[in-house]
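**Q** Pasting entry-v6.tsv here (TSV, C-alpha atoms and all ligand atoms):
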```tsv
chain	number	residue	atom	x	y	z
Z	615	MET	CA	122.80	235.30	101.77
Z	616	LYS	CA	122.93	236.28	98.10
Z	617	THR	CA	126.44	236.72	96.74
Z	618	ALA	CA	128.11	237.33	93.38
Z	619	ILE	CA	131.43	237.84	91.69
Z	620	TYR	CA	131.65	240.64	89.12
Z	621	THR	CA	134.25	240.39	86.38
Z	622	SER	CA	134.76	240.85	82.66
Z	623	ASP	CA	136.99	239.55	79.87
Z	624	ALA	CA	137.64	243.23	79.08
Z	625	PHE	CA	140.02	243.24	82.08
Z	626	LEU	CA	142.25	240.85	80.12
Z	627	ASN	CA	142.58	243.46	77.34
Z	628	HIS	CA	144.03	246.30	79.44
Z	629	ASP	CA	147.55	245.76	78.07
Z	630	THR	CA	150.18	247.43	80.28
Z	631	GLY	CA	153.19	246.17	78.35
Z	632	HIS	CA	155.95	243.66	78.85
Z	633	ASN	CA	156.92	242.91	82.48
Z	634	HIS	CA	154.43	245.32	84.05
Z	635	PRO	CA	153.40	243.88	87.45
Z	636	GLU	CA	149.77	245.00	87.01
Z	637	SER	CA	149.20	242.52	84.18
Z	638	PRO	CA	146.26	240.72	82.54
Z	639	ALA	CA	147.65	237.47	84.00
Z	640	ARG	CA	146.32	238.58	87.41
Z	641	ILE	CA	142.73	238.47	86.21
Z	642	GLN	CA	143.27	235.35	84.09
Z	643	ALA	CA	144.43	233.52	87.24
Z	644	LEU	CA	141.26	234.59	89.04
Z	645	HIS	CA	139.03	233.55	86.14
Z	646	ASP	CA	140.74	230.14	86.28
Z	647	LEU	CA	140.15	230.01	90.05
Z	648	PHE	CA	136.45	230.86	89.69
Z	649	ALA	CA	136.04	228.18	87.00
Z	650	SER	CA	137.67	225.50	89.15
Z	651	ASP	CA	136.76	226.30	92.77
Z	652	PHE	CA	133.78	228.69	92.79
Z	653	THR	CA	131.42	227.08	90.28
Z	654	ASP	CA	128.45	227.55	92.63
Z	655	THR	CA	128.98	231.30	92.93
Z	656	SER	CA	127.09	233.58	90.56
Z	657	LEU	CA	129.47	235.19	88.05
Z	658	LYS	CA	128.13	238.47	86.69
Z	659	GLN	CA	129.12	241.09	84.13
Z	660	PRO	CA	129.46	244.66	85.39
Z	661	ARG	CA	128.03	247.62	83.56
Z	662	PRO	CA	130.57	250.26	82.58
Z	663	ALA	CA	130.59	253.38	84.73
Z	664	ASP	CA	129.74	256.47	82.70
Z	665	ILE	CA	131.41	259.87	82.82
Z	666	GLU	CA	128.64	261.25	85.01
Z	667	ASP	CA	129.27	258.50	87.60
Z	668	ILE	CA	133.02	259.03	87.67
Z	669	ALA	CA	132.61	262.82	87.80
Z	670	GLU	CA	131.06	262.37	91.27
Z	671	ILE	CA	134.61	261.89	92.56
Z	672	HIS	CA	137.06	262.98	89.86
Z	673	ASP	CA	137.64	266.27	88.06
Z	674	GLU	CA	135.76	266.09	84.75
Z	675	SER	CA	138.63	267.50	82.71
Z	676	TYR	CA	140.89	264.84	84.26
Z	677	ILE	CA	138.49	262.10	83.11
Z	678	TYR	CA	138.56	263.45	79.54
Z	679	ASP	CA	142.33	263.82	79.72
Z	680	ILE	CA	142.66	260.10	80.52
Z	681	MET	CA	140.33	259.32	77.62
Z	682	ASP	CA	142.45	261.47	75.29
Z	683	ARG	CA	145.58	259.60	76.31
Z	684	ILE	CA	144.26	256.25	75.04
Z	685	PRO	CA	146.49	255.46	72.04
Z	686	ASP	CA	145.31	253.98	68.74
Z	687	PHE	CA	148.31	251.66	68.90
Z	688	GLY	CA	151.27	251.15	71.22
Z	689	TYR	CA	151.22	252.61	74.72
Z	690	GLY	CA	150.24	255.83	76.42
Z	691	CYS	CA	150.85	256.98	79.96
Z	692	ALA	CA	148.91	259.01	82.51
Z	693	ASP	CA	151.34	259.70	85.36
Z	694	THR	CA	154.74	261.22	86.00
Z	695	GLU	CA	156.33	257.92	87.12
Z	696	SER	CA	155.34	256.09	83.91
Z	697	GLU	CA	153.49	253.41	85.86
Z	698	CYS	CA	149.94	254.14	84.69
Z	699	ILE	CA	150.14	252.64	81.23
Z	700	LEU	CA	147.29	252.84	78.74
Z	701	SER	CA	146.76	250.94	75.51
Z	702	HIS	CA	144.05	250.74	72.87
Z	703	ASN	CA	141.54	248.67	74.87
Z	704	SER	CA	142.20	250.27	78.26
Z	705	TRP	CA	139.24	252.67	78.26
Z	706	ASP	CA	136.69	249.83	78.32
Z	707	ALA	CA	138.56	248.19	81.20
Z	708	LEU	CA	138.75	251.45	83.18
Z	709	LEU	CA	135.00	252.05	82.86
Z	710	LEU	CA	134.11	248.45	83.70
Z	711	SER	CA	136.52	248.39	86.64
Z	712	ALA	CA	134.83	251.53	88.01
Z	713	GLY	CA	131.43	250.02	87.17
Z	714	CYS	CA	131.84	246.75	89.11
Z	715	GLY	CA	131.06	248.29	92.49
Z	716	LEU	CA	128.22	250.34	91.00
Z	717	THR	CA	126.64	247.21	89.49
Z	718	ALA	CA	126.93	245.50	92.88
Z	719	LEU	CA	125.17	248.49	94.47
Z	720	GLU	CA	122.35	248.18	91.94
Z	721	ASP	CA	122.01	244.48	92.73
Z	722	ILE	CA	122.05	245.20	96.47
Z	723	ASN	CA	119.29	247.76	95.93
Z	724	HIS	CA	117.08	245.78	93.54
Z	725	ASN	CA	117.97	242.11	93.76
Z	726	GLY	CA	118.71	241.39	97.41
Z	727	LEU	CA	122.46	240.94	96.94
Z	728	THR	CA	124.38	241.08	100.23
Z	729	ARG	CA	128.03	240.41	99.40
Z	730	ALA	CA	130.10	240.83	96.26
Z	731	PHE	CA	133.64	240.47	95.02
Z	732	CYS	CA	134.81	242.57	92.08
Z	733	ALA	CA	137.65	240.86	90.19
Z	734	ALA	CA	138.58	244.04	88.36
Z	735	ARG	CA	141.60	245.86	86.99
Z	736	PRO	CA	143.06	248.42	86.79
Z	737	PRO	CA	142.99	248.97	90.57
Z	738	GLY	CA	141.94	252.31	92.04
Z	739	HIS	CA	143.12	253.28	95.52
Z	740	HIS	CA	146.07	255.46	94.47
Z	741	ALA	CA	143.94	257.57	92.09
Z	742	ASP	CA	143.26	261.05	93.49
Z	743	TYR	CA	140.80	263.76	92.41
Z	744	ALA	CA	142.77	264.69	89.30
Z	745	ALA	CA	145.76	262.37	89.27
Z	746	ALA	CA	146.57	258.84	88.10
Z	747	MET	CA	149.15	257.04	90.20
Z	748	GLY	CA	150.47	253.58	91.00
Z	749	PHE	CA	148.68	251.67	88.18
Z	750	CYS	CA	145.39	253.42	89.17
Z	751	PHE	CA	143.26	255.82	87.08
Z	752	PHE	CA	139.81	256.00	88.68
Z	753	ASN	CA	139.22	255.30	92.36
Z	754	ASN	CA	136.86	252.32	92.18
Z	755	ALA	CA	136.39	251.86	95.94
Z	756	PHE	CA	135.80	255.51	96.76
Z	757	LEU	CA	133.41	255.84	93.79
Z	758	THR	CA	131.38	252.92	95.16
Z	759	ALA	CA	131.29	254.43	98.66
Z	760	LYS	CA	130.34	257.87	97.35
Z	761	ILE	CA	127.54	256.61	95.11
Z	762	ALA	CA	126.27	254.29	97.87
Z	763	GLN	CA	125.72	257.46	99.86
Z	764	SER	CA	124.58	259.85	97.12
Z	765	ARG	CA	122.17	257.54	95.28
Z	766	TYR	CA	121.29	254.54	97.41
Z	767	GLY	CA	120.52	255.97	100.83
Z	768	PHE	CA	123.48	254.48	102.69
Z	769	LYS	CA	124.40	257.04	105.31
Z	770	ARG	CA	127.67	255.63	106.61
Z	771	PRO	CA	129.82	253.86	104.02
Z	772	ALA	CA	133.13	252.57	105.34
Z	773	ILE	CA	136.14	251.62	103.23
Z	774	ILE	CA	138.66	249.17	104.69
Z	775	ASP	CA	141.89	248.94	102.69
Z	776	PHE	CA	144.21	246.02	103.47
Z	777	ASP	CA	146.43	246.45	100.40
Z	778	VAL	CA	150.06	246.62	101.54
Z	779	HIS	CA	150.40	250.13	100.10
Z	780	HIS	CA	148.70	253.16	101.55
Z	781	GLY	CA	145.62	254.10	99.52
Z	782	ASN	CA	146.70	257.71	99.29
Z	783	GLY	CA	144.03	258.51	96.68
Z	784	THR	CA	141.20	257.14	98.80
Z	785	ASP	CA	142.62	258.87	101.87
Z	786	ALA	CA	142.72	262.24	100.08
Z	787	LEU	CA	139.27	261.84	98.50
Z	788	THR	CA	137.78	260.84	101.86
Z	789	ARG	CA	139.29	263.85	103.64
Z	790	ARG	CA	138.07	266.11	100.81
Z	791	HIS	CA	134.54	264.67	101.00
Z	792	ASN	CA	134.45	264.93	104.78
Z	793	ALA	CA	135.58	268.57	104.73
Z	794	GLU	CA	132.81	269.40	102.25
Z	795	ASN	CA	130.17	267.19	103.94
Z	796	PRO	CA	130.84	267.28	107.67
Z	797	ASN	CA	127.41	265.82	108.44
Z	798	GLN	CA	127.82	262.90	106.05
Z	799	PRO	CA	131.35	261.63	106.57
Z	800	ILE	CA	132.75	258.61	104.76
Z	801	PHE	CA	135.09	256.36	106.76
Z	802	TYR	CA	138.45	255.16	105.46
Z	803	ALA	CA	140.89	252.84	107.23
Z	804	SER	CA	144.13	251.57	105.73
Z	805	SER	CA	146.72	249.11	106.98
Z	806	HIS	CA	149.99	249.41	105.08
Z	807	GLN	CA	153.68	248.74	105.32
Z	808	SER	CA	155.60	251.69	106.76
Z	809	GLU	CA	158.24	253.44	104.68
Z	810	LEU	CA	156.90	251.86	101.51
Z	811	TRP	CA	155.82	253.56	98.29
Z	812	PRO	CA	153.87	255.91	98.02
Z	813	TYR	CA	154.61	257.06	101.57
Z	814	SER	CA	157.77	258.84	100.52
Z	815	ILE	CA	155.96	260.73	97.78
Z	816	THR	CA	152.68	261.77	99.35
Z	817	LYS	CA	153.63	261.97	103.03
Z	818	ALA	CA	150.13	260.64	103.61
Z	819	GLY	CA	149.28	257.52	105.59
Z	820	ASP	CA	150.99	258.62	108.79
Z	821	PRO	CA	148.89	257.56	111.80
Z	822	ARG	CA	149.67	260.93	113.41
Z	823	ASP	CA	147.25	262.47	110.89
Z	824	ASN	CA	144.35	260.18	111.85
Z	825	THR	CA	140.88	261.62	112.42
Z	826	ASP	CA	137.67	259.97	113.65
Z	827	TYR	CA	136.99	258.98	110.03
Z	828	VAL	CA	140.43	258.44	108.48
Z	829	VAL	CA	142.48	255.81	110.27
Z	830	ASN	CA	145.91	254.76	109.02
Z	831	VAL	CA	147.87	251.93	110.60
Z	832	THR	CA	151.45	251.10	109.62
Z	833	LEU	CA	153.12	247.71	109.86
Z	834	ASN	CA	156.86	247.19	109.94
Z	835	GLU	CA	158.61	245.20	107.24
Z	836	GLY	CA	158.30	241.48	108.02
Z	837	ALA	CA	155.01	241.79	109.89
Z	838	ASN	CA	152.90	238.62	109.69
Z	839	GLY	CA	149.22	237.72	109.79
Z	840	LYS	CA	148.99	237.93	113.59
Z	841	ASP	CA	150.60	241.38	113.55
Z	842	MET	CA	148.03	242.45	110.97
Z	843	LEU	CA	145.07	241.11	112.99
Z	844	ASP	CA	146.43	242.77	116.14
Z	845	ALA	CA	146.76	246.12	114.34
Z	846	TYR	CA	143.13	245.94	113.25
Z	847	THR	CA	141.97	245.02	116.75
Z	848	LYS	CA	143.95	247.81	118.35
Z	849	SER	CA	143.49	250.70	115.93
Z	850	ILE	CA	140.89	250.11	113.22
Z	851	TYR	CA	138.00	248.24	114.85
Z	852	PRO	CA	137.36	250.76	117.66
Z	853	ALA	CA	137.03	253.58	115.11
Z	854	LEU	CA	134.98	251.42	112.75
Z	855	LYS	CA	132.58	250.38	115.53
Z	856	ALA	CA	132.18	254.00	116.65
Z	857	TYR	CA	131.33	255.00	113.06
Z	858	LYS	CA	128.63	252.27	112.78
Z	859	PRO	CA	128.87	251.65	109.01
Z	860	ASP	CA	125.77	250.58	107.09
Z	861	ILE	CA	127.77	249.32	104.10
Z	862	LEU	CA	131.35	248.07	103.87
Z	863	ILE	CA	133.63	248.51	100.86
Z	864	LEU	CA	136.86	246.49	100.96
Z	865	SER	CA	139.89	247.68	99.04
Z	866	ALA	CA	141.14	244.14	98.75
Z	867	GLY	CA	144.82	244.14	97.88
Z	868	PHE	CA	146.77	240.94	98.36
Z	869	ASP	CA	150.31	242.32	98.06
Z	870	ALA	CA	150.92	241.94	101.81
Z	871	HIS	CA	151.56	238.26	100.96
Z	872	LYS	CA	155.08	237.07	101.75
Z	873	ASP	CA	155.82	236.22	98.10
Z	874	ASP	CA	154.73	239.57	96.66
Z	875	PRO	CA	157.54	241.24	94.68
Z	876	LEU	CA	156.50	244.82	95.49
Z	877	ALA	CA	156.46	244.78	99.29
Z	878	GLY	CA	157.95	243.21	102.40
Z	879	LEU	CA	155.21	241.90	104.68
Z	880	ALA	CA	154.93	238.20	105.51
Z	881	LEU	CA	151.27	237.21	105.34
Z	882	LYS	CA	150.28	233.73	104.17
Z	883	SER	CA	147.29	233.19	101.93
Z	884	GLU	CA	145.14	231.84	104.79
Z	885	ASP	CA	145.80	235.02	106.76
Z	886	PHE	CA	143.61	236.90	104.26
Z	887	GLY	CA	140.75	234.54	105.09
Z	888	ALA	CA	141.22	235.15	108.82
Z	889	LEU	CA	141.40	238.92	108.28
Z	890	THR	CA	138.26	238.86	106.12
Z	891	SER	CA	136.36	236.88	108.78
Z	892	ALA	CA	137.55	239.24	111.51
Z	893	ILE	CA	136.42	242.32	109.55
Z	894	ILE	CA	133.02	240.72	108.92
Z	895	ASN	CA	132.62	239.70	112.57
Z	896	THR	CA	133.45	243.20	113.74
Z	897	SER	CA	130.89	244.85	111.48
Z	898	GLU	CA	127.19	245.18	112.16
Z	899	SER	CA	125.73	241.83	111.14
Z	900	GLY	CA	123.92	241.77	107.83
Z	901	ILE	CA	125.35	244.96	106.30
Z	902	PRO	CA	126.23	244.66	102.61
Z	903	ILE	CA	129.88	244.14	101.73
Z	904	ILE	CA	131.45	244.93	98.35
Z	905	SER	CA	135.06	243.79	98.04
Z	906	ILE	CA	137.05	245.30	95.18
Z	907	LEU	CA	140.42	243.97	94.01
Z	908	GLU	CA	143.39	246.32	94.39
Z	909	GLY	CA	146.96	244.95	94.31
Z	910	GLY	CA	148.57	241.50	94.49
Z	911	TYR	CA	151.33	240.84	91.99
Z	912	GLU	CA	152.62	237.33	92.57
Z	913	ILE	CA	150.16	235.47	90.40
Z	914	LYS	CA	150.00	232.11	92.24
Z	915	ALA	CA	149.85	233.81	95.63
Z	916	LEU	CA	147.14	236.17	94.38
Z	917	SER	CA	144.98	233.23	93.37
Z	918	ARG	CA	145.41	231.48	96.74
Z	919	CYS	CA	144.77	234.70	98.70
Z	920	VAL	CA	141.60	235.49	96.74
Z	921	SER	CA	140.44	231.91	97.30
Z	922	ALA	CA	140.85	232.33	101.08
Z	923	HIS	CA	139.21	235.77	100.96
Z	924	LEU	CA	136.19	234.49	99.00
Z	925	THR	CA	135.75	231.42	101.18
Z	926	ALA	CA	135.34	233.77	104.16
Z	927	LEU	CA	133.32	236.41	102.30
Z	928	LEU	CA	130.83	234.62	100.09
T	1001	ZN	ZN	149.39	247.63	96.64
```
Can you turn what I pasted into C-alpha cells?
**A**
Amino acid sequence: MKTAIYTSDAFLNHDTGHNHPESPARIQALHDLFASDFTDTSLKQPRPADIEDIAEIHDESYIYDIMDRIPDFGYGCADTESECILSHNSWDALLLSAGCGLTALEDINHNGLTRAFCAARPPGHHADYAAAMGFCFFNNAFLTAKIAQSRYGFKRPAIIDFDVHHGNGTDALTRRHNAENPNQPIFYASSHQSELWPYSITKAGDPRDNTDYVVNVTLNEGANGKDMLDAYTKSIYPALKAYKPDILILSAGFDAHKDDPLAGLALKSEDFGALTSAIINTSESGIPIISILEGGYEIKALSRCVSAHLTALL
C-alpha cells in the first residue's frame, strides 16, 4: 500500500489574527507530529489548485471576489459573521489547501498511491457554491470528489464527514450536483452534534432531509466514541454500502474530541483511530482513500487525534 501525507509551509502563513481558533498553530502541531512519529511516511508538497479547478464547484465571480478581498496588509473578511479572515498570504494557502486532494488524485492515477492525508488549512466543508462560512472559503473535499469523477474516471465518489459540525457546504454542493447529474450522484454522509452551529443558521443537516445519497446523522451533546460508532453502523454504513463507492474522501475534523473548545461531544483521541478503521473495513477493500483535514481546535488533542487517525489510515 502506497501512502503519503500532503502539506505545505504555506499553511503556516494563512494568518487569521489573534485568538482565532483556526490558527497556524494547528498545522505547526501536525508538522511536529509528522517529524517525530511519522518519519517513514512520504511527506509531499501539493500543487496549488487553479481557478479552472475551483470553478468546477464554485461560482467563478465568487472565486475572484475572494481573491479581491486579500489585503495588502492587515486583515480582510469574506463572510457575514466575520469568521472567514484573510490576510496577505492567505491566497497561496487557499489554493494549496484546495490542491492537496487534487495532487493526491494525480498520484493515485499516475503513481499507484492508495491512501493520503492532507494536512491542510483553511478547511472547506462549510463553503457553499458562492459563500464563505465557518473559516472555510473553497470546499476542498467536494472539489476532490467532483474532480475524481469528472477527470479521473471514478464513478462513485463518497465523502464521509466526521467533523463535529455539519458540513453544510458539502451537503448543499452534493445535493446541487445530484440534481444536475442524476445518473452520476456523489455520496455525502455527515455525523455532527445536534443543535450546534451552523444548524441554527442553515437548517441543513436534519436527518429528516436524508436521501439515498445525502445522509446526515446527529449526535446529542456528550455523545462518546461508542455512540459515534453505533451511529455509523446504524445509519451511514447501510447507505454507503448500497452506494458502492469506488473512492472515499474523508472530511476529517477532530473537533468531536472531548477537549475541543467549539463543541460538546466526548470522543477520546483513540476513538478517531477506531472510527477510521471501521470506515475502512466497511468500504470495498482496496479503494483509494483521501483524508482531508477539517476542524479540530484544541491543539494538543488535534495532534493526538491525527496520530490515531493516521495510524489506522496509512
Ligand atoms: Zn468543525
**Q** Quick one: which chain Z residues come within 9 Å of ligand ZN 1001 (chain T), and what is the nearest atom pair for each with the distance in Å to one decimal, counting all atoms listed in the file, rows ordered by chain and ascending number, as CSV?
**A**
```
residue,atom,partner,partner_atom,distance
Z:Pro737,CA,T:ZN1001,ZN,8.9
Z:His739,CA,T:ZN1001,ZN,8.5
Z:His740,CA,T:ZN1001,ZN,8.8
Z:Gly748,CA,T:ZN1001,ZN,8.3
Z:Phe776,CA,T:ZN1001,ZN,8.7
Z:Asp777,CA,T:ZN1001,ZN,4.9
Z:Val778,CA,T:ZN1001,ZN,5.0
Z:His779,CA,T:ZN1001,ZN,4.4
Z:His780,CA,T:ZN1001,ZN,7.4
Z:Gly781,CA,T:ZN1001,ZN,8.0
Z:His806,CA,T:ZN1001,ZN,8.6
Z:Trp811,CA,T:ZN1001,ZN,8.9
Z:Gly867,CA,T:ZN1001,ZN,5.9
Z:Phe868,CA,T:ZN1001,ZN,7.4
Z:Asp869,CA,T:ZN1001,ZN,5.6
Z:Ala870,CA,T:ZN1001,ZN,7.8
Z:Leu876,CA,T:ZN1001,ZN,7.7
Z:Ala877,CA,T:ZN1001,ZN,8.1
Z:Glu908,CA,T:ZN1001,ZN,6.5
Z:Gly909,CA,T:ZN1001,ZN,4.3
Z:Gly910,CA,T:ZN1001,ZN,6.5
Z:Tyr911,CA,T:ZN1001,ZN,8.5
```
**Q** Can those selected residues be exported to a file as a PDB file, in the coordinates of the input so that it contains C-alpha atoms?
**A**
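This went into again.pdb:
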```
ATOM      1  CA  PRO Z 737     142.990 248.970  90.570  1.00  0.00           C
ATOM      2  CA  HIS Z 739     143.120 253.280  95.520  1.00  0.00           C
ATOM      3  CA  HIS Z 740     146.070 255.460  94.470  1.00  0.00           C
ATOM      4  CA  GLY Z 748     150.470 253.580  91.000  1.00  0.00           C
ATOM      5  CA  PHE Z 776     144.210 246.020 103.470  1.00  0.00           C
ATOM      6  CA  ASP Z 777     146.430 246.450 100.400  1.00  0.00           C
ATOM      7  CA  VAL Z 778     150.060 246.620 101.540  1.00  0.00           C
ATOM      8  CA  HIS Z 779     150.400 250.130 100.100  1.00  0.00           C
ATOM      9  CA  HIS Z 780     148.700 253.160 101.550  1.00  0.00           C
ATOM     10  CA  GLY Z 781     145.620 254.100  99.520  1.00  0.00           C
ATOM     11  CA  HIS Z 806     149.990 249.410 105.080  1.00  0.00           C
ATOM     12  CA  TRP Z 811     155.820 253.560  98.290  1.00  0.00           C
ATOM     13  CA  GLY Z 867     144.820 244.140  97.880  1.00  0.00           C
ATOM     14  CA  PHE Z 868     146.770 240.940  98.360  1.00  0.00           C
ATOM     15  CA  ASP Z 869     150.310 242.320  98.060  1.00  0.00           C
ATOM     16  CA  ALA Z 870     150.920 241.940 101.810  1.00  0.00           C
ATOM     17  CA  LEU Z 876     156.500 244.820  95.490  1.00  0.00           C
ATOM     18  CA  ALA Z 877     156.460 244.780  99.290  1.00  0.00           C
ATOM     19  CA  GLU Z 908     143.390 246.320  94.390  1.00  0.00           C
ATOM     20  CA  GLY Z 909     146.960 244.950  94.310  1.00  0.00           C
ATOM     21  CA  GLY Z 910     148.570 241.500  94.490  1.00  0.00           C
ATOM     22  CA  TYR Z 911     151.330 240.840  91.990  1.00  0.00           C
TER      23      TYR Z 911
END
```
**Q** Enter the distance from CA of Ala707 (chain Z) to CA of Asp629 (chain Z), in Å, rounded to one decimal.
**A**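 That distance, rounded to one decimal, is 9.8 Å.
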**Q** In Å to one decimal, how far is CA of Asn838 (chain Z) from CA of Asp742 (chain Z)?
**A** 29.3 Å
**Q** Compile the contact shell of region 914-926 of chain Z as JSON, numbers by chain: residues with an atom at most 6 Å away, counting all atoms listed in the file, same-chain residues fewer than 2 positions apart removed.
**A** {"Z": [644, 883, 884, 886, 887, 891, 910, 912, 928]}
**Q** Point out the residue among Z:Glu720, Z:Asp874, Z:Asp826, Z:Glu697 with the least atom-to-atom distance to Ala803 (chain Z), counting all atoms listed in the file.
**A**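 Closest to Ala803 (chain Z), using all atoms listed in the file: Z:Asp826.
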**Q** Quote the spacing between CA of Leu881 (chain Z) and CA of Ile773 (chain Z) in Å to one decimal place.
**A**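 Interatomic distance, CA of Leu881 (chain Z) to CA of Ile773 (chain Z): 21.0 Å.
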**Q** Give as a short mmCIF file (atom, residue, chain, number, x, y, z; two decimals) with C-alpha atoms, in the coordinates of the input each residue that has an atom at most 7 Å from (157.6, 241.7, 104.0) in the file, counting only C-alpha atoms.
**A**
```cif
data_model
loop_
_atom_site.label_atom_id
_atom_site.label_comp_id
_atom_site.auth_asym_id
_atom_site.auth_seq_id
_atom_site.Cartn_x
_atom_site.Cartn_y
_atom_site.Cartn_z
CA GLU Z 835 158.61 245.20 107.24
CA GLY Z 836 158.30 241.48 108.02
CA ALA Z 837 155.01 241.79 109.89
CA LYS Z 872 155.08 237.07 101.75
CA ALA Z 877 156.46 244.78 99.29
CA GLY Z 878 157.95 243.21 102.40
CA LEU Z 879 155.21 241.90 104.68
CA ALA Z 880 154.93 238.20 105.51
#
```
